[in-house]
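Take a look at the structure set out below.
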Amino acid sequence: MLLRQLDFQRELYNAALEERIGAWQWERRSVRYFDQCKTLTELVDVRPEVVACGITLCRGTLKRLDRAFVAFFRRAQKGENPGFPRFKSAQRFDSLQWEDRSGWKMKVEERRLRLRGIGEIKTNYHRPFAGTPKAITVKREGTKWWVNVRCVDVPAQPLAATGRKVGLDLGVVNLVATSDGKLHVGELFGAQTRKRLALAQRRLATKQPGSNRRCRQVEEIVRLHRKVKNQRMNAVHQLSRALVNDYDLIVVEGLKVKNMVRAPKAISDPDQPGKFLPNGAAAKAGLNRSIHDAGWATLLSLLSYKAESAGRTIVTVDPHYTSQTCFECGHVESGNRLSQAEFRCCACGHEAHADVNAARNILRAGRAQRASARVGSKLTHCPIVSRRGIR
Ligand SMILES: [Zn+2]
């Protein structure tokens with residue numbers, strides 16, 4: 001029944017998208033979320049099976065389309081690649097969303113979830129709830145189903161102050177380097193599974209389209225992808241938890257992940273004209289993957305919500321020159337950084353691990369920013385590090 005509902009909601013999603021496109025194409029009229037919600041009542045007579053699970057679920061689907069459009073316009077305004085919302089095939093549509101508190105009920109004690117129009121589903125609630133459940137998403141992952149419960153008024157769990165502050169340098173070889181010299185290696189998880197994944201992908205190519213074997217192989221691939229994702233999330237959760245437990249103030253760099261994912265410049269060989277020296281493009285291709293793997297964005301978001309709940313402070317600083325600046329004397333030069341890991345100041349000769357040096361600069365910038373900003377006001381990006389060194 002859930003699968004059937006997925007199909008109906010997908011149909012609704014695609015129809016709503018078509019309505020928006022058509023209205024703009026033919027009448028230069030924009031259709032909004034609320035307009036589309038109003039037309040839902042007409043569906044009761046025409047397609048009762050679509051609204052069998054309640055209007056809330058249908059509204060959730062329309063909201064999802066609305067979010068896709070909001071994100072599209074935001075990207076278009078910023079001049080990024082906008083990516084128009086697409087029609088969803090069965091493989092790209094795998095969640096049902098209830099946006100408010102009607103149409104579903106959690107029965108934690110009986111280990112059941114009641115969904116209107118579907119019935120009671122045996123559920124494994126794997127952790128106690130905090131706060132008031134407000135909205136749910138039921139999601140299919142391969143052959144498994146998950147319910148994601150969003151709660152409001154979740155009580156904070158403040159931690160005792162430790163009196164310690166830290167700056168974090170986010171990197172690729174070391175996912176995180178802390179200003180007190182600890183290096184957390186990222187990326188290693190998933191490497192094993194990736195091999196198996198490649199094999200599974202090759203096997204998929206040998207299967208007849210539409211066959212049961214192909215279907216099973218697709219499931220195997222989905223399973224492996226899920227495994228990589230779980231491993232990654234687990235590692236990032238543990239790391240962010242450890243950081244939030246250990247430090248009162250965490251300073252991070254405001255990174256633009258996209259900029260880091262570009263291909264490196266070609267280096268021509270001075271001895272052989274027309275030839276090129278290895279520029280690390282292959283390594284960088286691997287790095288690009290690990291940038292996504294490492295999931296900086298995920299780390300930052302997990303850090304910020306854990307910090308908020310624990311009463312810790314997170315400060316974002318401008319990352320410019322933090323990796324080229326000497327922590328000891330403030331001398332800025334790209335030659336300071338000898339290699340990925342080595343740092344030796346050209347002015348004072350200070351030597352350190354490059355990432356740790358950067359992390360210490362970041363911490364200093366964060367503290368300066370904190371000192372200048374009024375405590376309690378919203379802390380935003382301000383350049384602390386200039387060409388001439390740290391002010
Ligand atoms: Zn120096």
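Ordering of the structure tokens sets the chain letters (A, B, ...), residue numbers begin anew at 1 in every chain, and ligands are numbered from 1 in the order given.
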Using only C-alpha atoms, which protein or nucleic acid residues come within 12 Å of Leu43 (chain A)? Drop anything in the same chain fewer than 4 positions from it, and give the result as a list in words. Phe8, Leu12, Ala15, Gln36, Cys37, Lys38, Thr39, Arg47, Pro48, Glu49, Val50, Val51, Ala52, Gly54, Ile55 and Cys58 of chain A
Could you list, as a list in words, all residues that come within 8 Å of ligand 1? Count only C-alpha atoms and all ligand atoms. Thr325, Cys326, Phe327, Glu328, Cys329, Gly330, His331, Arg344, Cys345, Cys346, Ala347, Cys348, Gly349 and His350 of chain A
DSSP alpha helix (DSSP H) residues within region 84-269 of chain A, as a count of residues only: 54
Quick one: everything within 7 Å of Arg116 (chain A), counting only C-alpha atoms, minus sequence neighbours fewer than 5 positions away in the same chain. Send it as a VMD selection string. chain A and resid 53 to 54 103 to 104
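Restricting the calculation to only C-alpha atoms, the smallest distance between Gly117 (chain A) and any of A:Leu40, A:Ala198, A:Leu302, A:Leu2 is found for A:Leu2.
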Check region 120-181 of chain A with DSSP on the backbone and list each residue it calls strand (DSSP E), as a count of residues only. 33
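Across the model, the gap from CA of Arg67 (chain A) to CA of Thr143 (chain A) is 26.7 Å.
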Could you name the residues that touch Lys105 (chain A) at 9 Å or less, counting only C-alpha atoms, but leaving out those on the same chain fewer than 3 positions away, as JSON, numbers by chain? {"A": [101, 102, 112, 113, 114, 115, 116]}
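In this comparison, which uses only C-alpha atoms, the residue of A:Ala130, A:Cys215, A:Val185, A:Leu62 approaching Val154 (chain A) most closely is A:Ala130.
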Fewer than 3 positions away in the same chain doesn't count, so skip those; otherwise give me all residues within 12 Å of region 131-135 of chain A, counting only C-alpha atoms, as number ranges by chain. A: 56-57, 60, 96-108, 128, 138, 147-156
Do a neighbour search on Leu3 (chain A) at 10 Å with only C-alpha atoms, toss out local chain neighbours closer than 4 positions, and write the hits as JSON, numbers by chain. {"A": [7, 8, 9, 90, 94, 95, 96, 140]}
For region 185-253 of chain A versus region 353-375 of chain A, which residues have an atom no more than 10 Å away, and what is each residue's nearest atom pair and distance in Å rounded to one decimal, using only C-alpha atoms, chain-then-number order, as CSV?
residue,atom,partner,partner_atom,distance
A:Leu249,CA,A:Arg367,CA,9.0
A:Ile250,CA,A:Leu363,CA,7.9
A:Val251,CA,A:Gly366,CA,5.6
A:Val252,CA,A:Ile362,CA,6.9
A:Glu253,CA,A:Ile362,CA,6.9
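Distances from A:Leu183, A:Phe87, A:Gly254, A:Asp318 to Ala341 (chain A) were compared using only C-alpha atoms, and the smallest one belongs to A:Leu183.
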From the set A:Lys144, A:Arg216, A:Arg111, A:Lys229, which residue has the shortest atom-to-atom contact distance to Thr193 (chain A), counting only C-alpha atoms? A:Lys229
Choose the residue, out of A:Phe34, A:Trp26, A:Trp145, A:Tyr13, that has the smallest atom-to-atom separation from Ser89 (chain A); count only C-alpha atoms. A:Tyr13
